[in-house]
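Engineer: Structure supplied as input.cif; contents: mmCIF, C-alpha atoms.
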data_my_file
loop_
_atom_site.group_PDB
_atom_site.id
_atom_site.type_symbol
_atom_site.label_atom_id
_atom_site.label_comp_id
_atom_site.auth_asym_id
_atom_site.auth_seq_id
_atom_site.Cartn_x
_atom_site.Cartn_y
_atom_site.Cartn_z
ATOM 1 C CA MET S 789 -71.945 30.256 27.203
ATOM 2 C CA PRO S 790 -72.454 34.043 27.021
ATOM 3 C CA ASP S 791 -71.770 34.188 30.776
ATOM 4 C CA VAL S 792 -68.526 32.260 30.306
ATOM 5 C CA ALA S 793 -67.469 34.556 27.466
ATOM 6 C CA ARG S 794 -68.307 37.638 29.512
ATOM 7 C CA LEU S 795 -66.391 36.262 32.490
ATOM 8 C CA SER S 796 -63.350 35.636 30.283
ATOM 9 C CA ARG S 797 -63.493 39.176 28.934
ATOM 10 C CA ASP S 798 -63.849 40.563 32.448
ATOM 11 C CA ARG S 799 -60.829 38.626 33.660
ATOM 12 C CA LEU S 800 -58.746 39.819 30.717
ATOM 13 C CA ARG S 801 -59.867 43.369 31.393
ATOM 14 C CA ALA S 802 -58.871 43.034 35.054
ATOM 15 C CA LEU S 803 -55.431 41.579 34.263
ATOM 16 C CA PRO S 804 -52.789 44.138 35.368
ATOM 17 C CA PRO S 805 -49.462 44.687 33.579
ATOM 18 C CA GLU S 806 -47.693 43.089 36.555
ATOM 19 C CA ALA S 807 -49.022 39.735 35.315
ATOM 20 C CA GLY S 808 -46.086 39.602 32.921
ATOM 21 C CA ALA S 809 -43.959 38.633 35.918
ATOM 22 C CA VAL S 810 -45.757 35.263 35.895
ATOM 23 C CA VAL S 811 -44.328 34.490 32.458
ATOM 24 C CA MET S 812 -40.902 35.726 33.533
ATOM 25 C CA GLY S 813 -40.847 33.513 36.624
ATOM 26 C CA LEU S 814 -42.096 30.407 34.821
ATOM 27 C CA GLY S 815 -39.776 30.968 31.878
ATOM 28 C CA VAL S 816 -36.543 31.428 33.784
ATOM 29 C CA VAL S 817 -37.120 28.455 36.097
ATOM 30 C CA ALA S 818 -37.942 26.391 33.006
ATOM 31 C CA LEU S 819 -34.571 27.359 31.487
ATOM 32 C CA ASP S 820 -32.835 26.473 34.751
ATOM 33 C CA SER S 821 -34.460 23.039 34.797
ATOM 34 C CA ARG S 822 -33.348 22.382 31.228
ATOM 35 C CA HIS S 823 -29.765 23.210 32.162
ATOM 36 C CA LEU S 824 -29.985 20.786 35.090
ATOM 37 C CA GLY S 825 -31.338 17.987 32.894
ATOM 38 C CA LEU S 826 -34.943 17.854 34.148
ATOM 39 C CA PRO S 827 -36.919 17.483 30.897
ATOM 40 C CA ALA S 828 -40.334 16.930 32.507
ATOM 41 C CA VAL S 829 -40.028 20.127 34.564
ATOM 42 C CA TRP S 830 -38.552 22.009 31.617
ATOM 43 C CA TRP S 831 -41.356 21.204 29.170
ATOM 44 C CA SER S 832 -44.205 21.616 31.637
ATOM 45 C CA LEU S 833 -42.980 25.043 32.775
ATOM 46 C CA LEU S 834 -42.152 26.195 29.235
ATOM 47 C CA VAL S 835 -45.612 25.286 27.932
ATOM 48 C CA THR S 836 -47.263 26.954 30.941
ATOM 49 C CA ALA S 837 -45.173 30.082 30.374
ATOM 50 C CA ALA S 838 -46.157 30.138 26.696
ATOM 51 C CA LEU S 839 -49.851 29.848 27.570
ATOM 52 C CA ALA S 840 -49.542 32.589 30.174
ATOM 53 C CA TRP S 841 -47.810 34.787 27.583
ATOM 54 C CA LEU S 842 -50.686 34.244 25.139
ATOM 55 C CA VAL S 843 -53.153 35.327 27.835
ATOM 56 C CA LEU S 844 -51.027 38.392 28.539
ATOM 57 C CA MET S 845 -50.907 39.337 24.861
ATOM 58 C CA SER S 846 -54.658 38.761 24.552
ATOM 59 C CA ALA S 847 -55.206 41.291 27.334
ATOM 60 C CA PHE S 848 -52.871 43.692 25.551
ATOM 61 C CA VAL S 849 -54.766 43.327 22.250
ATOM 62 C CA GLN S 850 -58.110 43.725 24.019
ATOM 63 C CA ARG S 851 -56.970 47.008 25.557
ATOM 64 C CA PHE S 852 -55.592 48.177 22.213
ATOM 65 C CA VAL S 853 -58.962 47.560 20.545
ATOM 66 C CA THR S 854 -61.384 48.633 23.270
ATOM 67 C CA ASP S 855 -59.574 50.837 25.792
ATOM 68 C CA ARG S 856 -56.581 52.665 24.345
ATOM 69 C CA SER S 857 -56.699 55.385 26.982
ATOM 70 C CA ARG S 858 -56.071 52.780 29.672
ATOM 71 C CA LEU S 859 -53.356 51.167 27.556
ATOM 72 C CA THR S 860 -51.635 54.538 27.178
ATOM 73 C CA ALA S 861 -51.801 55.182 30.927
ATOM 74 C CA GLU S 862 -50.446 51.725 31.771
ATOM 75 C CA ALA S 863 -47.601 52.129 29.262
ATOM 76 C CA ALA S 864 -46.096 54.780 31.543
ATOM 77 C CA ARG S 865 -45.858 52.348 34.464
ATOM 78 C CA PRO S 866 -42.726 50.230 35.061
ATOM 79 C CA ALA S 867 -44.908 47.106 35.182
ATOM 80 C CA ALA S 868 -45.640 47.550 31.459
ATOM 81 C CA LEU S 869 -42.028 46.558 30.774
ATOM 82 C CA THR S 870 -42.868 43.005 31.862
ATOM 83 C CA VAL S 871 -44.337 42.561 28.365
ATOM 84 C CA ALA S 872 -40.917 43.103 26.785
ATOM 85 C CA ALA S 873 -39.090 41.153 29.499
ATOM 86 C CA SER S 874 -41.447 38.156 29.432
ATOM 87 C CA THR S 875 -41.293 38.041 25.622
ATOM 88 C CA GLY S 876 -37.517 38.036 25.816
ATOM 89 C CA VAL S 877 -37.462 35.197 28.350
ATOM 90 C CA LEU S 878 -39.884 33.164 26.230
ATOM 91 C CA GLY S 879 -37.647 33.838 23.234
ATOM 92 C CA LEU S 880 -34.718 32.302 25.116
ATOM 93 C CA GLY S 881 -36.843 29.197 25.539
ATOM 94 C CA ALA S 882 -37.481 29.144 21.790
ATOM 95 C CA CYS S 883 -33.730 29.427 21.156
ATOM 96 C CA ALA S 884 -33.126 26.533 23.532
ATOM 97 C CA VAL S 885 -35.271 24.208 21.378
ATOM 98 C CA GLY S 886 -33.786 25.514 18.131
ATOM 99 C CA ALA S 887 -36.907 27.370 16.981
ATOM 100 C CA GLY S 888 -35.077 30.186 15.245
ATOM 101 C CA VAL S 889 -38.078 31.571 13.351
ATOM 102 C CA LEU S 890 -40.210 31.720 16.501
ATOM 103 C CA ALA S 891 -37.362 33.269 18.487
ATOM 104 C CA SER S 892 -36.883 35.886 15.757
ATOM 105 C CA GLY S 893 -40.559 36.825 15.928
ATOM 106 C CA LEU S 894 -40.407 37.092 19.696
ATOM 107 C CA LEU S 895 -37.304 39.281 19.434
ATOM 108 C CA VAL S 896 -39.181 41.655 17.121
ATOM 109 C CA VAL S 897 -42.069 41.857 19.607
ATOM 110 C CA ALA S 898 -39.701 42.343 22.562
ATOM 111 C CA VAL S 899 -37.713 45.101 20.829
ATOM 112 C CA ALA S 900 -40.897 46.882 19.713
ATOM 113 C CA CYS S 901 -42.365 46.847 23.229
ATOM 114 C CA TRP S 902 -39.021 47.881 24.709
ATOM 115 C CA LEU S 903 -38.603 50.852 22.369
ATOM 116 C CA VAL S 904 -42.186 52.052 22.850
ATOM 117 C CA VAL S 905 -42.600 51.579 26.599
ATOM 118 C CA LEU S 906 -39.135 52.326 27.995
ATOM 119 C CA PRO S 907 -39.044 56.050 27.012
ATOM 120 C CA ARG S 908 -42.521 56.568 28.515
ATOM 121 C CA VAL S 909 -41.557 54.963 31.809
ATOM 122 C CA LEU S 910 -38.203 56.725 31.930
ATOM 123 C CA ALA S 911 -39.866 60.094 31.294
ATOM 124 C CA VAL S 912 -41.975 59.591 34.417
ATOM 125 C CA GLY S 913 -39.104 58.382 36.592
ATOM 126 C CA TRP S 914 -36.753 61.138 35.456
ATOM 127 C CA ARG S 915 -38.901 63.884 36.974
ATOM 128 C CA PRO S 916 -37.302 65.491 40.056
ATOM 129 C CA GLU S 917 -40.585 65.252 41.955
ATOM 130 C CA ALA S 918 -40.880 61.493 41.353
ATOM 131 C CA ALA S 919 -41.289 59.419 44.506
ATOM 132 C CA PRO S 920 -38.452 57.100 45.620
ATOM 133 C CA PHE S 921 -38.385 54.002 43.451
ATOM 134 C CA VAL S 922 -39.784 50.613 44.431
ATOM 135 C CA GLY S 923 -38.411 47.339 43.090
ATOM 136 C CA GLY S 924 -40.549 47.378 39.963
ATOM 137 C CA TRP S 925 -38.507 50.241 38.560
ATOM 138 C CA PHE S 926 -35.605 47.853 38.043
ATOM 139 C CA LEU S 927 -37.658 46.498 35.127
ATOM 140 C CA LEU S 928 -36.039 49.297 33.132
ATOM 141 C CA CYS S 929 -32.861 47.238 33.376
ATOM 142 C CA VAL S 930 -34.528 43.816 33.162
ATOM 143 C CA ALA S 931 -36.391 44.573 29.939
ATOM 144 C CA SER S 932 -33.221 45.920 28.312
ATOM 145 C CA GLN S 933 -31.144 42.917 29.360
ATOM 146 C CA SER S 934 -33.787 40.427 28.200
ATOM 147 C CA VAL S 935 -33.530 41.951 24.723
ATOM 148 C CA ALA S 936 -29.723 41.791 24.936
ATOM 149 C CA ALA S 937 -29.660 38.140 26.008
ATOM 150 C CA LEU S 938 -32.190 37.053 23.374
ATOM 151 C CA ALA S 939 -30.339 38.889 20.591
ATOM 152 C CA ALA S 940 -27.058 37.214 21.595
ATOM 153 C CA HIS S 941 -28.566 33.721 21.720
ATOM 154 C CA LEU S 942 -30.367 34.237 18.428
ATOM 155 C CA ALA S 943 -27.146 35.485 16.819
ATOM 156 C CA VAL S 944 -25.476 32.175 17.664
ATOM 157 C CA LEU S 945 -28.492 30.089 16.613
ATOM 158 C CA THR S 946 -28.914 31.796 13.223
ATOM 159 C CA ARG S 947 -25.270 32.863 12.703
ATOM 160 C CA ALA S 948 -26.538 36.436 12.372
ATOM 161 C CA VAL S 949 -23.551 38.597 13.313
ATOM 162 C CA TRP S 950 -25.577 41.790 12.800
ATOM 163 C CA LEU S 951 -27.549 41.003 15.974
ATOM 164 C CA LEU S 952 -24.455 41.435 18.148
ATOM 165 C CA PRO S 953 -24.478 45.274 18.077
ATOM 166 C CA LEU S 954 -28.137 45.193 19.156
ATOM 167 C CA SER S 955 -27.230 42.885 22.015
ATOM 168 C CA ALA S 956 -24.304 45.063 23.097
ATOM 169 C CA ALA S 957 -26.332 48.288 22.909
ATOM 170 C CA ALA S 958 -29.241 46.876 24.913
ATOM 171 C CA MET S 959 -26.825 45.449 27.482
ATOM 172 C CA LEU S 960 -25.073 48.805 28.005
ATOM 173 C CA VAL S 961 -28.402 50.642 28.231
ATOM 174 C CA GLY S 962 -29.546 48.110 30.821
ATOM 175 C CA LEU S 963 -26.455 48.615 32.961
ATOM 176 C CA ALA S 964 -26.815 52.398 32.822
ATOM 177 C CA LEU S 965 -30.478 52.157 33.789
ATOM 178 C CA TYR S 966 -29.631 49.832 36.686
ATOM 179 C CA TRP S 967 -27.416 52.444 38.295
ATOM 180 C CA PHE S 968 -29.995 55.150 37.618
ATOM 181 C CA VAL S 969 -32.728 53.161 39.371
ATOM 182 C CA LEU S 970 -30.408 52.105 42.205
ATOM 183 C CA SER S 971 -29.597 55.767 42.902
ATOM 184 C CA ARG S 972 -33.309 56.430 43.534
ATOM 185 C CA PHE S 973 -34.277 53.091 45.077
ATOM 186 C CA ASP S 974 -35.977 53.274 48.465
ATOM 187 C CA LEU S 975 -33.862 50.867 50.545
ATOM 188 C CA ARG S 976 -36.725 50.513 53.032
ATOM 189 C CA GLN S 977 -38.352 48.301 50.409
ATOM 190 C CA ILE S 978 -35.931 45.554 51.425
ATOM 191 C CA ARG S 979 -37.859 45.345 54.703
ATOM 192 C CA THR S 980 -41.353 46.344 53.566
ATOM 193 C CA GLY S 981 -41.630 45.299 49.912
ATOM 194 C CA GLN S 982 -44.226 42.731 48.898
ATOM 195 C CA GLY S 983 -42.045 40.794 46.469
ATOM 196 C CA ASP S 984 -40.976 43.176 43.724
ATOM 197 C CA HIS S 985 -38.044 44.395 45.851
ATOM 198 C CA TRP S 986 -36.221 41.202 44.808
ATOM 199 C CA VAL S 987 -35.878 42.641 41.294
ATOM 200 C CA ALA S 988 -33.050 44.787 42.683
ATOM 201 C CA GLY S 989 -30.980 41.601 42.658
ATOM 202 C CA GLY S 990 -32.725 39.983 39.707
ATOM 203 C CA ALA S 991 -31.838 42.905 37.447
ATOM 204 C CA LEU S 992 -28.152 42.338 38.183
ATOM 205 C CA ALA S 993 -28.581 38.599 37.617
ATOM 206 C CA ILE S 994 -30.062 39.048 34.137
ATOM 207 C CA SER S 995 -27.292 41.565 33.425
ATOM 208 C CA VAL S 996 -24.810 38.778 34.157
ATOM 209 C CA VAL S 997 -26.718 36.462 31.813
ATOM 210 C CA SER S 998 -26.762 39.019 28.983
ATOM 211 C CA ILE S 999 -23.030 39.768 29.376
ATOM 212 C CA ALA S 1000 -22.178 36.061 29.459
ATOM 213 C CA SER S 1001 -24.445 35.392 26.460
ATOM 214 C CA LEU S 1002 -22.820 38.171 24.442
ATOM 215 C CA THR S 1003 -19.344 36.976 25.440
ATOM 216 C CA GLU S 1004 -20.159 33.439 24.344
ATOM 217 C CA ALA S 1005 -21.607 34.737 21.060
ATOM 218 C CA LEU S 1006 -18.468 36.776 20.315
ATOM 219 C CA ARG S 1007 -16.333 33.666 20.807
ATOM 220 C CA ASP S 1008 -18.618 31.378 18.846
ATOM 221 C CA LEU S 1009 -18.930 33.735 15.874
ATOM 222 C CA HIS S 1010 -15.233 34.761 16.052
ATOM 223 C CA VAL S 1011 -16.086 38.464 16.275
ATOM 224 C CA ALA S 1012 -14.037 40.858 18.427
ATOM 225 C CA GLU S 1013 -12.912 37.937 20.566
ATOM 226 C CA PHE S 1014 -10.630 40.181 22.640
ATOM 227 C CA PHE S 1015 -13.787 41.646 24.229
ATOM 228 C CA ALA S 1016 -14.540 38.188 25.590
ATOM 229 C CA VAL S 1017 -11.929 38.659 28.321
ATOM 230 C CA ILE S 1018 -13.603 41.874 29.463
ATOM 231 C CA GLY S 1019 -16.997 40.203 29.303
ATOM 232 C CA THR S 1020 -15.864 37.274 31.423
ATOM 233 C CA ALA S 1021 -14.387 39.563 34.066
ATOM 234 C CA ALA S 1022 -17.519 41.729 34.115
ATOM 235 C CA ALA S 1023 -19.735 38.660 34.499
ATOM 236 C CA LEU S 1024 -17.700 37.452 37.483
ATOM 237 C CA VAL S 1025 -17.794 40.865 39.190
ATOM 238 C CA LEU S 1026 -21.532 41.334 38.683
ATOM 239 C CA LEU S 1027 -22.238 37.758 39.750
ATOM 240 C CA THR S 1028 -20.493 38.509 43.044
ATOM 241 C CA ALA S 1029 -22.706 41.579 43.501
ATOM 242 C CA THR S 1030 -25.772 39.492 42.603
ATOM 243 C CA VAL S 1031 -24.965 36.921 45.282
ATOM 244 C CA CYS S 1032 -24.549 39.735 47.817
ATOM 245 C CA TRP S 1033 -28.005 41.064 46.914
ATOM 246 C CA TYR S 1034 -29.392 37.526 47.219
ATOM 247 C CA LEU S 1035 -28.024 37.144 50.753
ATOM 248 C CA VAL S 1036 -29.238 40.586 51.877
ATOM 249 C CA LEU S 1037 -32.750 39.988 50.530
ATOM 250 C CA LEU S 1038 -32.869 36.482 51.993
ATOM 251 C CA VAL S 1039 -31.920 37.725 55.460
ATOM 252 C CA ALA S 1040 -34.536 40.487 55.194
ATOM 253 C CA GLU S 1041 -37.205 37.909 54.325
ATOM 254 C CA CYS S 1042 -36.250 35.827 57.357
ATOM 255 C CA VAL S 1043 -36.308 38.838 59.679
ATOM 256 C CA THR S 1044 -39.627 40.207 58.371
ATOM 257 C CA PRO S 1045 -41.532 37.323 56.713
ATOM 258 C CA ARG S 1046 -44.153 38.314 54.148
ATOM 259 C CA LEU S 1047 -46.129 35.109 53.669
ATOM 260 C CA ARG S 1048 -49.431 36.431 52.298
ATOM 261 C CA TYR S 1049 -49.885 35.897 48.553
ATOM 262 C CA ASP S 1050 -49.404 38.970 46.399
ATOM 263 C CA LEU S 1051 -49.097 39.194 42.618
ATOM 264 C CA ARG S 1052 -45.762 40.938 43.176
ATOM 265 C CA ARG S 1053 -44.416 37.666 44.595
ATOM 266 C CA TRP S 1054 -43.906 36.525 41.006
ATOM 267 C CA ALA S 1055 -41.253 39.234 40.904
ATOM 268 C CA THR S 1056 -39.462 37.201 43.603
ATOM 269 C CA VAL S 1057 -39.574 33.978 41.574
ATOM 270 C CA PHE S 1058 -37.827 35.627 38.641
ATOM 271 C CA PRO S 1059 -34.721 36.862 40.560
ATOM 272 C CA LEU S 1060 -34.335 33.516 42.326
ATOM 273 C CA GLY S 1061 -34.391 31.667 39.027
ATOM 274 C CA MET S 1062 -32.255 34.261 37.260
ATOM 275 C CA THR S 1063 -29.548 34.065 39.946
ATOM 276 C CA CYS S 1064 -29.334 30.359 39.200
ATOM 277 C CA ALA S 1065 -29.136 31.125 35.458
ATOM 278 C CA ALA S 1066 -26.439 33.745 36.098
ATOM 279 C CA GLY S 1067 -24.285 31.179 37.894
ATOM 280 C CA SER S 1068 -24.662 28.674 35.049
ATOM 281 C CA ALA S 1069 -23.941 31.272 32.353
ATOM 282 C CA THR S 1070 -20.844 32.568 34.143
ATOM 283 C CA ALA S 1071 -19.573 29.033 34.687
ATOM 284 C CA THR S 1072 -19.852 28.415 30.940
ATOM 285 C CA VAL S 1073 -17.868 31.479 29.844
ATOM 286 C CA SER S 1074 -15.311 31.444 32.680
ATOM 287 C CA GLY S 1075 -14.738 27.725 33.043
ATOM 288 C CA VAL S 1076 -15.174 27.926 36.834
ATOM 289 C CA THR S 1077 -17.075 24.697 37.425
ATOM 290 C CA ALA S 1078 -17.788 25.522 41.071
ATOM 291 C CA LEU S 1079 -20.232 28.180 39.855
ATOM 292 C CA SER S 1080 -22.228 25.499 38.064
ATOM 293 C CA VAL S 1081 -22.501 23.530 41.311
ATOM 294 C CA GLY S 1082 -23.686 26.659 43.108
ATOM 295 C CA ALA S 1083 -26.295 27.208 40.389
ATOM 296 C CA GLN S 1084 -27.641 23.689 40.934
ATOM 297 C CA VAL S 1085 -28.066 24.433 44.642
ATOM 298 C CA LEU S 1086 -29.862 27.734 43.937
ATOM 299 C CA PHE S 1087 -32.300 26.062 41.555
ATOM 300 C CA TRP S 1088 -34.247 24.302 44.286
ATOM 301 C CA PRO S 1089 -35.225 27.398 46.306
ATOM 302 C CA ALA S 1090 -36.385 28.972 43.031
ATOM 303 C CA LEU S 1091 -38.522 25.937 42.202
ATOM 304 C CA ILE S 1092 -40.009 25.785 45.703
ATOM 305 C CA VAL S 1093 -40.922 29.482 45.696
ATOM 306 C CA LEU S 1094 -42.386 29.056 42.199
ATOM 307 C CA CYS S 1095 -44.611 26.205 43.393
ATOM 308 C CA LEU S 1096 -45.750 28.109 46.488
ATOM 309 C CA THR S 1097 -46.457 31.261 44.494
ATOM 310 C CA GLY S 1098 -48.285 29.274 41.834
ATOM 311 C CA TRP S 1099 -50.426 27.617 44.497
ATOM 312 C CA GLY S 1100 -51.258 30.999 45.978
ATOM 313 C CA ALA S 1101 -52.185 32.321 42.523
ATOM 314 C CA LEU S 1102 -54.494 29.366 41.815
ATOM 315 C CA ARG S 1103 -56.231 29.802 45.153
ATOM 316 C CA ARG S 1104 -56.715 33.492 44.471
ATOM 317 C CA VAL S 1105 -58.188 32.779 41.011
ATOM 318 C CA TRP S 1106 -60.615 30.117 42.222
ATOM 319 C CA THR S 1107 -61.769 31.956 45.329
ATOM 320 C CA SER S 1108 -62.047 35.405 43.763
ATOM 321 C CA PRO S 1109 -65.665 36.320 42.981
ATOM 322 C CA ARG S 1110 -64.540 38.341 39.944
#
Any chance you could put this one into structure tokens?

Structural biologist:
Amino acid sequence: MPDVARLSRDRLRALPPEAGAVVMGLGVVALDSRHLGLPAVWWSLLVTAALAWLVLMSAFVQRFVTDRSRLTAEAARPAALTVAASTGVLGLGACAVGAGVLASGLLVVAVACWLVVLPRVLAVGWRPEAAPFVGGWFLLCVASQSVAALAAHLAVLTRAVWLLPLSAAAMLVGLALYWFVLSRFDLRQIRTGQGDHWVAGGALAISVVSIASLTEALRDLHVAEFFAVIGTAAALVLLTATVCWYLVLLVAECVTPRLRYDLRRWATVFPLGMTCAAGSATATVSGVTALSVGAQVLFWPALIVLCLTGWGALRRVWTSPR
């Protein structure tokens, strides 16, 4: 038993911040499956995502108690923002089942992580001598938009109008950070990236979801409904850009296949699933039913890549000596 306990502690200690992408990938594909009416897939993926999130938070608490210097160093890395983003995605799952209290708690955790980590990461990336950005830097946008989307959904669920300004502020910050990261993004990553380069498109996809969620909340709560027209138009424009990113990244994968498992491949699962979610969300607010059909088609590649990546992760865990 002591050996098992020591092994568990060692594995938690070795868990990198990038592991939050596992929760993000599982969570968004779970939400997609719920929208498509696949309850078995929905519940199995949601529960797995929740368990993975608990492991992630356990690693975070362990570092806070035993190794704060490492925690401080990791908090300046873009990957640390997966904690806020994964918490936000899990909170959307809680909203979907009507668990308002749980979703509220997750929103508090997501906002706290976002406010603490984002300035640290941005301070590093803002330096003139910073290297060209890889795909993980788009987590600056993703984390912001996950907070925005969760706040909007929770506002509708709890009829809390005061959450709408938080949603709008986080959404605007996310859009600004997207263009900042894009201006410094190394486009060679499209050909050489190991999976996280897909977040360039996934960040736009979750921006579409947050805009559509806020638009729907404004209509549902009868607050500033005239902004809903702007929101719908913005969602359609950004969805078009998201699909363009999807096609470019897909072609690049076909030209230069990267089939070896890498933890960063979970950052590919998330954009695939989020593009599907973006299509569904835009169809809801715009009434363009063809977008919903497109989202159904995009769900299956996301599920297949999730299964392949999950299989690769399980093999890595079982065959790794540490």

Engineer: Taking the file as shown, find all residues satisfying the PyMOL selection byres ((chain S and resi 877) around 7) and write them as number ranges by chain.

Structural biologist: S: 812, 815-816, 873-876, 878-881, 934

Engineer: If you count only C-alpha atoms, which residues fall within 12 Å of S:Phe852, apart from same-chain ones fewer than 6 positions away, as number ranges by chain?

Structural biologist: S: 801, 845-846, 858-863

Engineer: Which residues of stretch 840-944 of chain S sit at most 8 Å from stretch 967-973 of chain S, using all atoms listed in the file? Give each one's shortest atom pair and distance in Å (one decimal place), in chain and ascending residue order, as a tab-separated table.

Structural biologist:
residue	atom	partner	partner_atom	distance
S:Pro920	CA	S:Arg972	CA	5.6
S:Phe921	CA	S:Phe973	CA	4.5
S:Val922	CA	S:Phe973	CA	6.1
S:Gly923	CA	S:Phe973	CA	7.4
S:Trp925	CA	S:Val969	CA	6.5
S:Phe926	CA	S:Val969	CA	6.2

Engineer: Have a look at atom CA of S:Ala872 and atom CA of S:Val904 and let me know their distance in Å, one decimal.

Structural biologist: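 Computed distance, atom CA of S:Ala872 to atom CA of S:Val904, equals 9.9 Å.
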
Engineer: In Å, rounded to a single decimal, give me how far atom CA of S:Cys1064 is from atom CA of S:Val1085.

Structural biologist: 8.1 Å

Engineer: Please list as an MDAnalysis selection string every residue within 10 Å of S:Ala1022, counting all atoms listed in the file and excluding residues in the same chain fewer than 5 positions away.

Structural biologist: chainID S and resid 995:996 999:1000 1016:1017 1027:1028 1070

Engineer: List every protein, DNA or RNA residue with an atom no more than 10 Å from (-31.8, 20.4, 37.8) in the file's coordinates, counting all atoms listed in the file, and format the result as a list in words.

Structural biologist: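 Nearby residues: Val817, Ala818, Leu819, Asp820, Ser821, Arg822, His823, Leu824, Gly825, Leu826, Pro827, Val829, Trp830, Ala1083, Gln1084, Val1085, Leu1086, Phe1087, Trp1088 and Leu1091 of chain S.
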
Engineer: Can you translate the PyMOL selection byres ((chain S and resi 951) around 10) into the concrete residues it hits in this file, as a list of chain:residue names?

Structural biologist: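 Output from the PyMOL selection byres ((chain S and resi 951) around 10), applied to this file: S:Ala936, S:Leu938, S:Ala939, S:Ala940, S:His941, S:Leu942, S:Ala943, S:Val944, S:Thr946, S:Arg947, S:Ala948, S:Val949, S:Trp950, S:Leu952, S:Pro953, S:Leu954, S:Ser955, S:Ala956.
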